[in-house]
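*Asks:* So here's model02.txt, just compact mmCIF, C-alpha atoms and all ligand atoms:
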```
# COMPACT_ATOMS: atom_id res chain seq x y z
CA MET A 414 5.27 17.26 -11.89
CA ALA A 415 5.88 21.03 -11.99
CA PHE A 416 2.78 21.39 -9.78
CA LEU A 417 4.30 19.15 -7.08
CA LYS A 418 7.85 20.47 -7.35
CA ARG A 419 6.58 23.89 -6.34
CA ARG A 420 5.23 22.32 -3.13
CA TRP A 421 7.82 19.90 -1.81
CA PRO A 422 10.47 20.98 0.72
CA ALA A 423 13.02 18.55 -0.78
CA PRO A 424 12.76 15.86 -3.48
CA PRO A 425 11.01 12.94 -1.73
CA ARG A 426 13.11 9.80 -1.32
CA VAL A 427 10.47 7.39 -0.04
CA GLY A 428 6.83 7.10 -1.07
CA VAL A 429 4.28 5.81 1.42
CA VAL A 430 0.71 4.75 0.63
CA LEU A 431 -1.66 4.49 3.59
CA GLY A 432 -4.49 1.96 3.44
CA SER A 433 -7.91 1.66 5.09
CA GLY A 434 -8.00 3.12 8.59
CA LEU A 435 -4.23 3.75 8.53
CA GLY A 436 -4.36 7.45 7.59
CA ARG A 437 -3.19 8.63 11.02
CA VAL A 438 0.34 7.53 10.17
CA ALA A 439 0.60 10.82 8.22
CA ASP A 440 0.45 12.76 11.54
CA GLU A 441 4.09 11.74 12.02
CA LEU A 442 5.43 14.14 9.40
CA ARG A 443 7.14 17.42 10.19
CA ASP A 444 6.28 20.63 8.32
CA ALA A 445 4.24 18.71 5.80
CA LYS A 446 2.65 20.46 2.85
CA LYS A 447 -0.81 18.95 2.52
CA VAL A 448 -2.18 18.82 -1.00
CA PRO A 449 -5.73 17.52 -1.57
CA TYR A 450 -5.91 15.06 -4.48
CA GLN A 451 -8.56 17.28 -6.14
CA ALA A 452 -5.98 20.03 -6.47
CA ILE A 453 -3.45 17.81 -8.25
CA PRO A 454 -3.80 17.63 -12.02
CA HIS A 455 -5.13 14.20 -13.18
CA PHE A 456 -5.47 12.75 -9.66
CA ALA A 457 -8.73 10.95 -8.93
CA ARG A 458 -10.32 11.27 -5.49
CA PRO A 459 -11.03 8.29 -3.15
CA THR A 460 -14.70 7.73 -2.36
CA VAL A 461 -14.35 5.26 0.53
CA ASP A 462 -14.72 6.02 4.26
CA GLY A 463 -11.31 5.92 5.90
CA HIS A 464 -9.46 7.26 2.84
CA ALA A 465 -8.85 11.00 3.06
CA GLY A 466 -7.34 11.83 -0.35
CA THR A 467 -4.45 14.03 0.72
CA LEU A 468 -0.85 14.01 -0.43
CA HIS A 469 1.56 14.97 2.37
CA LEU A 470 5.00 16.23 1.36
CA GLY A 471 7.30 16.56 4.34
CA LEU A 472 10.03 15.12 6.49
CA TRP A 473 9.72 11.91 8.46
CA ARG A 474 12.63 11.63 10.87
CA LYS A 475 14.63 13.86 8.51
CA VAL A 476 13.81 11.78 5.42
CA PRO A 477 11.90 13.65 2.68
CA VAL A 478 8.79 11.58 1.99
CA ALA A 479 5.64 11.73 -0.08
CA VAL A 480 2.73 10.16 1.79
CA LEU A 481 -0.47 9.33 -0.05
CA GLN A 482 -3.21 9.34 2.57
CA GLY A 483 -6.09 7.57 0.92
CA ARG A 484 -5.83 5.13 -1.94
CA LEU A 485 -7.97 4.45 -4.94
CA HIS A 486 -9.46 1.01 -5.56
CA VAL A 487 -10.70 -0.57 -8.75
CA TYR A 488 -13.96 -1.50 -6.96
CA GLU A 489 -14.74 2.22 -6.64
CA GLY A 490 -15.19 2.33 -10.38
CA TYR A 491 -11.79 3.82 -11.19
CA THR A 492 -9.95 2.33 -14.10
CA PRO A 493 -6.72 0.48 -13.23
CA ASP A 494 -4.91 3.40 -14.92
CA GLU A 495 -6.48 5.91 -12.54
CA VAL A 496 -5.69 3.71 -9.53
CA VAL A 497 -1.98 3.54 -10.34
CA PHE A 498 -1.55 7.11 -11.59
CA PRO A 499 -0.27 8.38 -8.19
CA MET A 500 2.47 5.67 -8.24
CA ARG A 501 3.62 6.86 -11.63
CA VAL A 502 3.76 10.40 -10.28
CA LEU A 503 5.90 9.19 -7.35
CA GLY A 504 8.14 7.36 -9.82
CA LEU A 505 8.53 10.50 -11.95
CA ALA A 506 9.30 12.45 -8.76
CA GLY A 507 12.39 10.25 -8.47
CA ILE A 508 11.18 7.97 -5.69
CA LYS A 509 13.06 4.66 -5.76
CA THR A 510 11.59 3.11 -2.61
CA LEU A 511 7.88 2.62 -2.12
CA VAL A 512 6.15 1.51 1.08
CA LEU A 513 2.57 0.34 0.63
CA THR A 514 0.21 -0.40 3.49
CA CYS A 515 -3.25 -1.91 3.57
CA ALA A 516 -5.78 -3.58 5.78
CA ALA A 517 -6.26 -7.30 5.16
CA GLY A 518 -8.16 -10.32 6.42
CA GLY A 519 -6.06 -13.03 8.02
CA ILE A 520 -6.03 -16.52 6.51
CA ALA A 521 -2.84 -18.13 7.93
CA SER A 522 -3.25 -19.22 11.54
CA THR A 523 -0.65 -16.66 12.64
CA ALA A 524 -2.55 -13.84 10.86
CA THR A 525 -4.63 -12.69 13.82
CA PRO A 526 -6.24 -9.24 14.24
CA GLY A 527 -3.61 -6.67 15.20
CA SER A 528 -0.73 -8.55 13.60
CA LEU A 529 1.29 -7.20 10.66
CA MET A 530 2.16 -9.13 7.51
CA ILE A 531 5.14 -8.15 5.39
CA PHE A 532 4.43 -9.18 1.80
CA ALA A 533 6.73 -11.91 0.53
CA ASP A 534 4.70 -12.38 -2.66
CA HIS A 535 1.18 -11.98 -3.99
CA LEU A 536 -1.58 -13.65 -5.94
CA ASN A 537 -3.23 -11.24 -8.37
CA LEU A 538 -6.83 -12.49 -8.45
CA GLN A 539 -8.41 -9.15 -9.34
CA GLY A 540 -8.86 -10.22 -12.95
CA LEU A 541 -7.09 -7.02 -13.99
CA ASN A 542 -3.62 -5.81 -14.69
CA PRO A 543 -2.83 -2.09 -14.83
CA LEU A 544 -0.30 -2.73 -17.61
CA ALA A 545 -2.88 -4.26 -19.96
CA GLY A 546 -3.64 -2.10 -22.94
CA SER A 547 -1.46 0.04 -25.12
CA HIS A 548 2.13 0.22 -23.98
CA ASP A 549 4.11 3.39 -23.33
CA GLU A 550 7.81 2.61 -23.10
CA ARG A 551 8.43 5.59 -20.84
CA TRP A 552 6.82 3.67 -17.94
CA GLY A 553 9.16 0.71 -18.27
CA PRO A 554 9.23 -2.71 -19.93
CA ARG A 555 6.16 -4.29 -21.52
CA PHE A 556 6.73 -7.57 -19.60
CA PRO A 557 8.19 -6.68 -16.19
CA ASP A 558 9.68 -9.50 -14.13
CA MET A 559 7.72 -10.23 -10.95
CA THR A 560 10.03 -12.87 -9.44
CA GLN A 561 11.19 -10.38 -6.82
CA ALA A 562 8.14 -8.15 -6.62
CA TYR A 563 8.89 -7.46 -2.96
CA ASP A 564 12.43 -6.46 -2.11
CA ALA A 565 14.06 -9.10 0.13
CA ALA A 566 16.42 -6.62 1.81
CA LEU A 567 13.57 -4.23 2.71
CA ARG A 568 11.58 -7.17 4.06
CA ARG A 569 14.49 -8.25 6.27
CA VAL A 570 14.83 -4.72 7.68
CA ALA A 571 11.09 -4.57 8.44
CA LEU A 572 11.05 -8.00 10.11
CA ARG A 573 14.12 -7.17 12.18
CA VAL A 574 12.68 -3.85 13.37
CA ALA A 575 9.34 -5.53 14.17
CA ARG A 576 11.09 -8.20 16.21
CA LYS A 577 13.01 -5.53 18.13
CA GLN A 578 9.78 -3.68 18.85
CA GLY A 579 8.05 -6.85 20.02
CA LEU A 580 5.39 -6.65 17.31
CA HIS A 581 3.53 -9.70 16.04
CA CYS A 582 4.78 -9.60 12.47
CA PHE A 583 5.38 -12.29 9.85
CA ALA A 584 6.14 -12.60 6.12
CA GLY A 585 3.45 -14.03 3.87
CA VAL A 586 1.53 -14.13 0.61
CA TYR A 587 -1.23 -11.58 -0.07
CA ALA A 588 -4.16 -12.46 -2.30
CA ALA A 589 -5.76 -9.45 -4.02
CA LEU A 590 -9.42 -9.79 -4.95
CA LEU A 591 -11.55 -7.17 -6.68
CA GLY A 592 -14.12 -6.74 -3.88
CA PRO A 593 -16.02 -4.84 -2.68
CA SER A 594 -18.03 -7.72 -1.21
CA TYR A 595 -15.96 -9.64 1.28
CA GLU A 596 -15.08 -13.21 0.40
CA THR A 597 -17.24 -16.25 1.04
CA PRO A 598 -15.95 -18.96 3.38
CA ALA A 599 -15.54 -21.25 0.33
CA GLU A 600 -13.39 -18.60 -1.37
CA ILE A 601 -11.25 -18.28 1.74
CA ARG A 602 -10.79 -22.08 1.90
CA SER A 603 -9.68 -22.10 -1.73
CA LEU A 604 -7.31 -19.13 -1.19
CA GLN A 605 -5.81 -21.05 1.72
CA ARG A 606 -5.08 -23.98 -0.63
CA LEU A 607 -3.55 -21.58 -3.18
CA GLY A 608 -1.05 -20.46 -0.57
CA ALA A 609 -2.54 -17.13 0.54
CA ASP A 610 -1.84 -15.94 4.09
CA ALA A 611 -3.96 -12.78 3.92
CA VAL A 612 -6.61 -11.32 1.62
CA GLY A 613 -7.48 -7.79 0.55
CA MET A 614 -8.74 -5.60 -2.29
CA SER A 615 -5.79 -3.36 -3.08
CA THR A 616 -2.02 -2.88 -3.28
CA VAL A 617 -1.25 -5.30 -6.12
CA PRO A 618 -1.97 -2.86 -9.01
CA GLU A 619 0.36 -0.31 -7.38
CA VAL A 620 3.08 -2.94 -6.91
CA ILE A 621 2.93 -3.98 -10.56
CA VAL A 622 3.36 -0.41 -11.76
CA ALA A 623 6.09 0.36 -9.21
CA ARG A 624 8.02 -2.72 -10.33
CA GLN A 625 7.61 -1.76 -13.96
CA MET A 626 9.24 1.58 -13.05
CA GLY A 627 12.02 -0.21 -11.16
CA MET A 628 11.08 0.95 -7.65
CA ARG A 629 11.93 -1.24 -4.66
CA VAL A 630 8.74 -2.23 -2.86
CA LEU A 631 7.96 -2.94 0.78
CA ALA A 632 4.33 -3.77 1.50
CA VAL A 633 2.79 -4.25 4.93
CA ALA A 634 -0.74 -5.45 5.71
CA ALA A 635 -2.38 -4.69 9.02
CA ILE A 636 -4.49 -7.75 9.75
CA THR A 637 -7.82 -6.33 10.89
CA ASN A 638 -9.92 -9.49 11.09
CA ARG A 639 -9.90 -13.22 10.53
CA ALA A 640 -11.05 -13.84 6.95
CA ALA A 641 -14.63 -14.97 6.25
CA GLY A 642 -15.57 -18.27 7.85
CA LEU A 643 -12.50 -18.35 10.09
CA ALA A 644 -14.18 -16.43 12.93
CA ALA A 645 -17.66 -16.87 14.33
CA LYS A 646 -18.99 -13.42 13.34
CA PRO A 647 -19.70 -11.69 10.02
CA LEU A 648 -17.36 -8.96 8.65
CA SER A 649 -18.07 -5.23 8.68
CA HIS A 650 -16.17 -2.30 7.17
CA GLN A 651 -16.65 -0.35 10.43
CA GLU A 652 -14.88 -3.12 12.31
CA VAL A 653 -12.09 -3.19 9.74
CA LEU A 654 -11.62 0.58 10.18
CA ALA A 655 -11.62 0.32 13.98
CA ALA A 656 -9.09 -2.52 13.94
CA GLY A 657 -7.08 -0.56 11.35
CA ALA A 658 -6.93 2.41 13.70
CA ARG A 659 -5.58 0.14 16.46
CA ALA A 660 -3.08 -1.50 14.09
CA ALA A 661 -2.01 1.97 12.92
CA ARG A 662 -0.17 2.37 16.18
CA SER A 663 2.08 -0.68 15.61
CA LEU A 664 2.42 0.21 11.95
CA THR A 665 3.45 3.78 12.79
CA GLY A 666 6.06 2.50 15.24
CA LEU A 667 7.37 0.07 12.65
CA LEU A 668 7.58 2.62 9.82
CA ARG A 669 9.08 5.27 12.08
CA ALA A 670 12.15 3.05 12.38
CA VAL A 671 11.99 1.42 8.95
CA VAL A 672 11.68 4.55 6.75
CA PRO A 673 14.97 6.15 7.89
CA ALA A 674 16.68 2.73 7.62
CA ILE A 675 15.66 2.17 4.00
CA ALA A 676 15.78 5.74 2.60
N1 LIG B 1 -11.17 -9.36 3.01
C1 LIG B 1 -10.83 -8.47 2.06
N2 LIG B 1 -10.33 -7.27 2.33
C2 LIG B 1 -10.15 -6.96 3.61
C3 LIG B 1 -10.48 -7.83 4.66
C4 LIG B 1 -11.02 -9.10 4.34
O1 LIG B 1 -11.34 -9.93 5.20
N3 LIG B 1 -10.17 -7.20 5.83
C5 LIG B 1 -9.67 -5.98 5.47
N4 LIG B 1 -9.66 -5.83 4.14
```
Please express the file's structure as structure tokens.
Ligand code: HPA
*Replies:*
Amino acid sequence: MAFLKRRWPAPPRVGVVLGSGLGRVADELRDAKKVPYQAIPHFARPTVDGHAGTLHLGLWRKVPVAVLQGRLHVYEGYTPDEVVFPMRVLGLAGIKTLVLTCAAGGIASTATPGSLMIFADHLNLQGLNPLAGSHDERWGPRFPDMTQAYDAALRRVALRVARKQGLHCFAGVYAALLGPSYETPAEIRSLQRLGADAVGMSTVPEVIVARQMGMRVLAVAAITNRAAGLAAKPLSHQEVLAAGARAARSLTGLLRAVVPAIA
């Protein structure tokens, strides 16, 4: 923490995590100090294309923010503890509001490429929980409540701003799978029956830890593709990144208005 305190212009109020292909959102910050993850004690470094691995400390429309450009995934071989470590750092930094973004495949009929989904709830199907293992009370309760994992007031703000900006945006349920292979069409059909509106390979571990620490969470998925079997063509990471880059524009516009409203 001492390492970061020496580098931030003001204590950050909002934490932002940028998902696959969404890194450009960080260009919005003013006078940002850019700290590579390698330089930060105990931080792991992302290995995936489209995830830079830089912490930006700066002002976004006058709000002091900490933006994590590049996230860690369990499928990269990191332990769940390593994946969530940056969230714990943000929590210790005093951040009470966390905005998580990710790319996701669309399952609901409204979840078309280029649309944005605000998380209403999730299905943790990664087979992992970052809180499993020995418990350290300093992080929060052993059995955190997940009834309101996603803050209803933050969701309303995001949906209202999106409507004003004319974005295709809806609230829905995110299913987190381990990856890194994409799903089969049979898996997507079963996720549909379980109530999933979108599918991805991230975000949920961070949410669990943030909730344990008592942070309010807003999560937004940029829908980059129709999920497996719902479109005629096979999926590719390159296509996900390209669609992510296009969605980054709507996402940037959304967050530019949402971050000052929720800080
Ligand atoms: N499945 C899982 N993760 C994803 C997808 C998908 O279709 N698109 C972007 N991330």
*Asks:* Might you pull out every residue within 9 Å of region 523-534 of chain A, with all atoms listed in the file counted and same-chain residues fewer than 3 positions away left off, and present them as an NGL selection string?
*Replies:* :A and (517-520 or 560-565 or 568 or 571-572 or 575 or 580-588 or 610-611 or 631-639 or 656-657 or 659-660 or 663-664)
*Asks:* Nearest to Arg669 (chain A) among A:Ile453, A:Ala415, A:Leu468, A:Val574, with distances taken over all atoms listed in the file: which residue is it?
*Replies:* A:Val574
*Asks:* Padding 5 Å on each side, edges along x, y and z: where is the centre of the box around the listed atoms of ligand LIG 1 (chain B), and how long are its edges in Å to one decimal? Output it as JSON.
*Replies:*
```
{"center_x": -10.5, "center_y": -7.9, "center_z": 3.9, "size_x": 11.7, "size_y": 14.1, "size_z": 13.8}
```
*Asks:* So which residues touch Pro593 (chain A) within 10 Å, counting only C-alpha atoms, skipping near sequence neighbours fewer than 3 positions away, as a list in words?
*Replies:*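 Returned residues: His486, Val487, Tyr488, Glu489, Leu590, Glu596, Gly613 and Met614 of chain A.
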*Asks:* Enter the distance from CA of Leu505 (chain A) to CA of Met628 (chain A), in Å, rounded to one decimal.
*Replies:*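 Interatomic distance here is 10.8 Å.
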*Asks:* Would you work out the distance separating CA of Ala655 (chain A) from CA of Leu591 (chain A), expressed in Å to one decimal?
*Replies:*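 Going from CA of Ala655 (chain A) over to CA of Leu591 (chain A), I get 22.0 Å.
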*Asks:* Could you tell me which of A:Ala644, A:Ala479, A:Val497, A:Leu442 comes closest to ligand LIG 1 (chain B) if we count only C-alpha atoms and all ligand atoms?
*Replies:* A:Ala644
*Asks:* Measuring atom to atom with all atoms listed in the file, identify which of A:Ala452, A:Leu485, A:Gly432, A:Asp444 is nearest to ligand LIG 1 (chain B).
*Replies:*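 For ligand LIG 1 (chain B), the nearest of the given residues is A:Gly432.
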*Asks:* Could you tell me which of A:Val429, A:Arg437, A:Pro422, A:Lys446 comes closest to Leu654 (chain A) if we count all atoms listed in the file?
*Replies:* A:Arg437
*Asks:* Taking 2 positions as the minimum chain separation for residues in the same chain, which residues sit within 10 Å of Pro477 (chain A) when counting only C-alpha atoms? Answer as a ChimeraX atom specification.
*Replies:* /A:421-428,442-443,445,470-475,479-480,672-673,676
*Asks:* How would the residues just chosen look if you wrote them out with C-alpha atoms as a JSON list (two decimals), in the frame of the given file?
*Replies:*
```json
[["chain", "number", "residue", "atom", "x", "y", "z"],
["A", 421, "TRP", "CA", 7.82, 19.90, -1.81],
["A", 422, "PRO", "CA", 10.47, 20.98, 0.72],
["A", 423, "ALA", "CA", 13.02, 18.55, -0.78],
["A", 424, "PRO", "CA", 12.76, 15.86, -3.48],
["A", 425, "PRO", "CA", 11.01, 12.94, -1.73],
["A", 426, "ARG", "CA", 13.11, 9.80, -1.32],
["A", 427, "VAL", "CA", 10.47, 7.39, -0.04],
["A", 428, "GLY", "CA", 6.83, 7.10, -1.07],
["A", 442, "LEU", "CA", 5.43, 14.14, 9.40],
["A", 443, "ARG", "CA", 7.14, 17.42, 10.19],
["A", 445, "ALA", "CA", 4.24, 18.71, 5.80],
["A", 470, "LEU", "CA", 5.00, 16.23, 1.36],
["A", 471, "GLY", "CA", 7.30, 16.56, 4.34],
["A", 472, "LEU", "CA", 10.03, 15.12, 6.49],
["A", 473, "TRP", "CA", 9.72, 11.91, 8.46],
["A", 474, "ARG", "CA", 12.63, 11.63, 10.87],
["A", 475, "LYS", "CA", 14.63, 13.86, 8.51],
["A", 479, "ALA", "CA", 5.64, 11.73, -0.08],
["A", 480, "VAL", "CA", 2.73, 10.16, 1.79],
["A", 672, "VAL", "CA", 11.68, 4.55, 6.75],
["A", 673, "PRO", "CA", 14.97, 6.15, 7.89],
["A", 676, "ALA", "CA", 15.78, 5.74, 2.60]]
```
*Asks:* From the options A:Thr467, A:Gln539, A:Thr665, A:Gln625, which residue's atoms come nearest to ligand LIG 1 (chain B), counting only C-alpha atoms and all ligand atoms?
*Replies:*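 Of A:Thr467, A:Gln539, A:Thr665, A:Gln625, the one nearest ligand LIG 1 (chain B) is A:Gln539, counting only C-alpha atoms and all ligand atoms.
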*Asks:* Between A:Gly507, A:Gly642, A:Gly579, A:Pro454, which is the closest to ligand LIG 1 (chain B) once you count only C-alpha atoms and all ligand atoms?
*Replies:*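 Residue with the minimum atom-to-atom distance to ligand LIG 1 (chain B): A:Gly642.
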*Asks:* Can you tell me how far CA of Val630 (chain A) sits from CA of Leu567 (chain A), in Å to one decimal?
*Replies:*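 We find that CA of Val630 (chain A) and CA of Leu567 (chain A) lie 7.6 Å from each other.
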*Asks:* What lies within 12 Å of Ala545 (chain A) using only C-alpha atoms, ignoring chain neighbours under 4 positions off, as a PDB file with C-alpha atoms, keeping the file's coordinate frame?
*Replies:*
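For reference, out.pdb as written:
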```pdb
ATOM      1  CA  THR A 492      -9.950   2.330 -14.100  1.00  0.00           C
ATOM      2  CA  PRO A 493      -6.720   0.480 -13.230  1.00  0.00           C
ATOM      3  CA  ASP A 494      -4.910   3.400 -14.920  1.00  0.00           C
ATOM      4  CA  GLY A 540      -8.860 -10.220 -12.950  1.00  0.00           C
ATOM      5  CA  LEU A 541      -7.090  -7.020 -13.990  1.00  0.00           C
ATOM      6  CA  ASP A 549       4.110   3.390 -23.330  1.00  0.00           C
ATOM      7  CA  ARG A 555       6.160  -4.290 -21.520  1.00  0.00           C
ATOM      8  CA  PHE A 556       6.730  -7.570 -19.600  1.00  0.00           C
ATOM      9  CA  PRO A 557       8.190  -6.680 -16.190  1.00  0.00           C
ATOM     10  CA  PRO A 618      -1.970  -2.860  -9.010  1.00  0.00           C
ATOM     11  CA  ILE A 621       2.930  -3.980 -10.560  1.00  0.00           C
ATOM     12  CA  VAL A 622       3.360  -0.410 -11.760  1.00  0.00           C
TER      13      VAL A 622
END
```
*Asks:* Using N, CA and C atoms, give me region 533-565 of chain A from the structure I just pasted, as a JSON list (two decimals), in the first residue's frame.
*Replies:*
```json
[["chain", "number", "residue", "atom", "x", "y", "z"],
["A", 533, "ALA", "N", -27.09, -8.07, -13.40],
["A", 533, "ALA", "CA", -28.10, -8.06, -12.35],
["A", 533, "ALA", "C", -27.76, -9.14, -11.33],
["A", 534, "ASP", "N", -27.09, -10.20, -11.81],
["A", 534, "ASP", "CA", -26.74, -11.34, -10.96],
["A", 534, "ASP", "C", -25.78, -12.22, -11.75],
["A", 535, "HIS", "N", -25.26, -13.25, -11.08],
["A", 535, "HIS", "CA", -24.37, -14.15, -11.83],
["A", 535, "HIS", "C", -24.58, -15.60, -11.45],
["A", 536, "LEU", "N", -24.05, -16.48, -12.30],
["A", 536, "LEU", "CA", -23.94, -17.89, -11.99],
["A", 536, "LEU", "C", -22.45, -18.20, -11.94],
["A", 537, "ASN", "N", -21.96, -18.63, -10.78],
["A", 537, "ASN", "CA", -20.54, -18.98, -10.70],
["A", 537, "ASN", "C", -20.38, -20.45, -11.08],
["A", 538, "LEU", "N", -19.98, -20.68, -12.32],
["A", 538, "LEU", "CA", -19.80, -22.05, -12.81],
["A", 538, "LEU", "C", -18.33, -22.33, -13.10],
["A", 539, "GLN", "N", -17.46, -21.59, -12.43],
["A", 539, "GLN", "CA", -16.01, -21.78, -12.64],
["A", 539, "GLN", "C", -15.48, -22.96, -11.83],
["A", 540, "GLY", "N", -16.31, -23.46, -10.91],
["A", 540, "GLY", "CA", -15.84, -24.56, -10.07],
["A", 540, "GLY", "C", -14.85, -24.10, -9.03],
["A", 541, "LEU", "N", -14.76, -22.80, -8.80],
["A", 541, "LEU", "CA", -13.78, -22.24, -7.88],
["A", 541, "LEU", "C", -14.42, -21.11, -7.12],
["A", 542, "ASN", "N", -13.90, -20.86, -5.94],
["A", 542, "ASN", "CA", -14.32, -19.67, -5.20],
["A", 542, "ASN", "C", -13.06, -19.09, -4.55],
["A", 543, "PRO", "N", -12.79, -17.81, -4.76],
["A", 543, "PRO", "CA", -11.55, -17.24, -4.25],
["A", 543, "PRO", "C", -11.51, -17.19, -2.72],
["A", 544, "LEU", "N", -12.65, -17.42, -2.08],
["A", 544, "LEU", "CA", -12.67, -17.39, -0.61],
["A", 544, "LEU", "C", -12.46, -18.77, 0.00],
["A", 545, "ALA", "N", -12.37, -19.80, -0.85],
["A", 545, "ALA", "CA", -12.13, -21.15, -0.33],
["A", 545, "ALA", "C", -10.71, -21.21, 0.23],
["A", 546, "GLY", "N", -10.56, -21.97, 1.28],
["A", 546, "GLY", "CA", -9.24, -22.07, 1.90],
["A", 546, "GLY", "C", -9.25, -21.39, 3.25],
["A", 547, "SER", "N", -8.06, -21.20, 3.79],
["A", 547, "SER", "CA", -8.01, -20.64, 5.15],
["A", 547, "SER", "C", -8.56, -19.22, 5.13],
["A", 548, "HIS", "N", -9.18, -18.86, 6.23],
["A", 548, "HIS", "CA", -9.89, -17.58, 6.28],
["A", 548, "HIS", "C", -9.09, -16.56, 7.07],
["A", 549, "ASP", "N", -8.99, -15.34, 6.49],
["A", 549, "ASP", "CA", -8.35, -14.23, 7.21],
["A", 549, "ASP", "C", -9.43, -13.18, 7.44],
["A", 550, "GLU", "N", -9.77, -12.98, 8.70],
["A", 550, "GLU", "CA", -10.89, -12.09, 9.05],
["A", 550, "GLU", "C", -10.72, -10.66, 8.54],
["A", 551, "ARG", "N", -9.45, -10.28, 8.31],
["A", 551, "ARG", "CA", -9.22, -8.90, 7.87],
["A", 551, "ARG", "C", -9.85, -8.62, 6.51],
["A", 552, "TRP", "N", -10.11, -9.67, 5.71],
["A", 552, "TRP", "CA", -10.72, -9.45, 4.39],
["A", 552, "TRP", "C", -12.23, -9.32, 4.46],
["A", 553, "GLY", "N", -12.82, -9.73, 5.58],
["A", 553, "GLY", "CA", -14.28, -9.66, 5.69],
["A", 553, "GLY", "C", -14.83, -10.97, 6.20],
["A", 554, "PRO", "N", -16.17, -11.13, 6.14],
["A", 554, "PRO", "CA", -16.79, -12.33, 6.72],
["A", 554, "PRO", "C", -16.44, -13.62, 5.97],
["A", 555, "ARG", "N", -16.48, -14.71, 6.69],
["A", 555, "ARG", "CA", -16.23, -16.04, 6.10],
["A", 555, "ARG", "C", -17.31, -16.39, 5.07],
["A", 556, "PHE", "N", -18.58, -16.02, 5.37],
["A", 556, "PHE", "CA", -19.72, -16.40, 4.52],
["A", 556, "PHE", "C", -20.44, -15.14, 4.02],
["A", 557, "PRO", "N", -19.85, -14.41, 3.09],
["A", 557, "PRO", "CA", -20.49, -13.15, 2.66],
["A", 557, "PRO", "C", -21.81, -13.40, 1.94],
["A", 558, "ASP", "N", -22.77, -12.52, 2.20],
["A", 558, "ASP", "CA", -24.07, -12.59, 1.53],
["A", 558, "ASP", "C", -23.89, -12.21, 0.07],
["A", 559, "MET", "N", -24.57, -12.93, -0.83],
["A", 559, "MET", "CA", -24.47, -12.59, -2.25],
["A", 559, "MET", "C", -25.85, -12.28, -2.83],
["A", 560, "THR", "N", -26.82, -11.98, -1.96],
["A", 560, "THR", "CA", -28.18, -11.68, -2.44],
["A", 560, "THR", "C", -28.17, -10.43, -3.31],
["A", 561, "GLN", "N", -27.36, -9.46, -2.92],
["A", 561, "GLN", "CA", -27.28, -8.19, -3.65],
["A", 561, "GLN", "C", -25.85, -8.02, -4.13],
["A", 562, "ALA", "N", -25.35, -8.99, -4.88],
["A", 562, "ALA", "CA", -23.96, -8.91, -5.32],
["A", 562, "ALA", "C", -23.73, -7.64, -6.13],
["A", 563, "TYR", "N", -24.73, -7.29, -6.93],
["A", 563, "TYR", "CA", -24.61, -6.11, -7.81],
["A", 563, "TYR", "C", -25.54, -5.03, -7.29],
["A", 564, "ASP", "N", -24.98, -3.87, -7.03],
["A", 564, "ASP", "CA", -25.71, -2.79, -6.38],
["A", 564, "ASP", "C", -26.84, -2.27, -7.27],
["A", 565, "ALA", "N", -28.07, -2.31, -6.74],
["A", 565, "ALA", "CA", -29.25, -1.95, -7.55],
["A", 565, "ALA", "C", -29.23, -0.47, -7.93]]
```
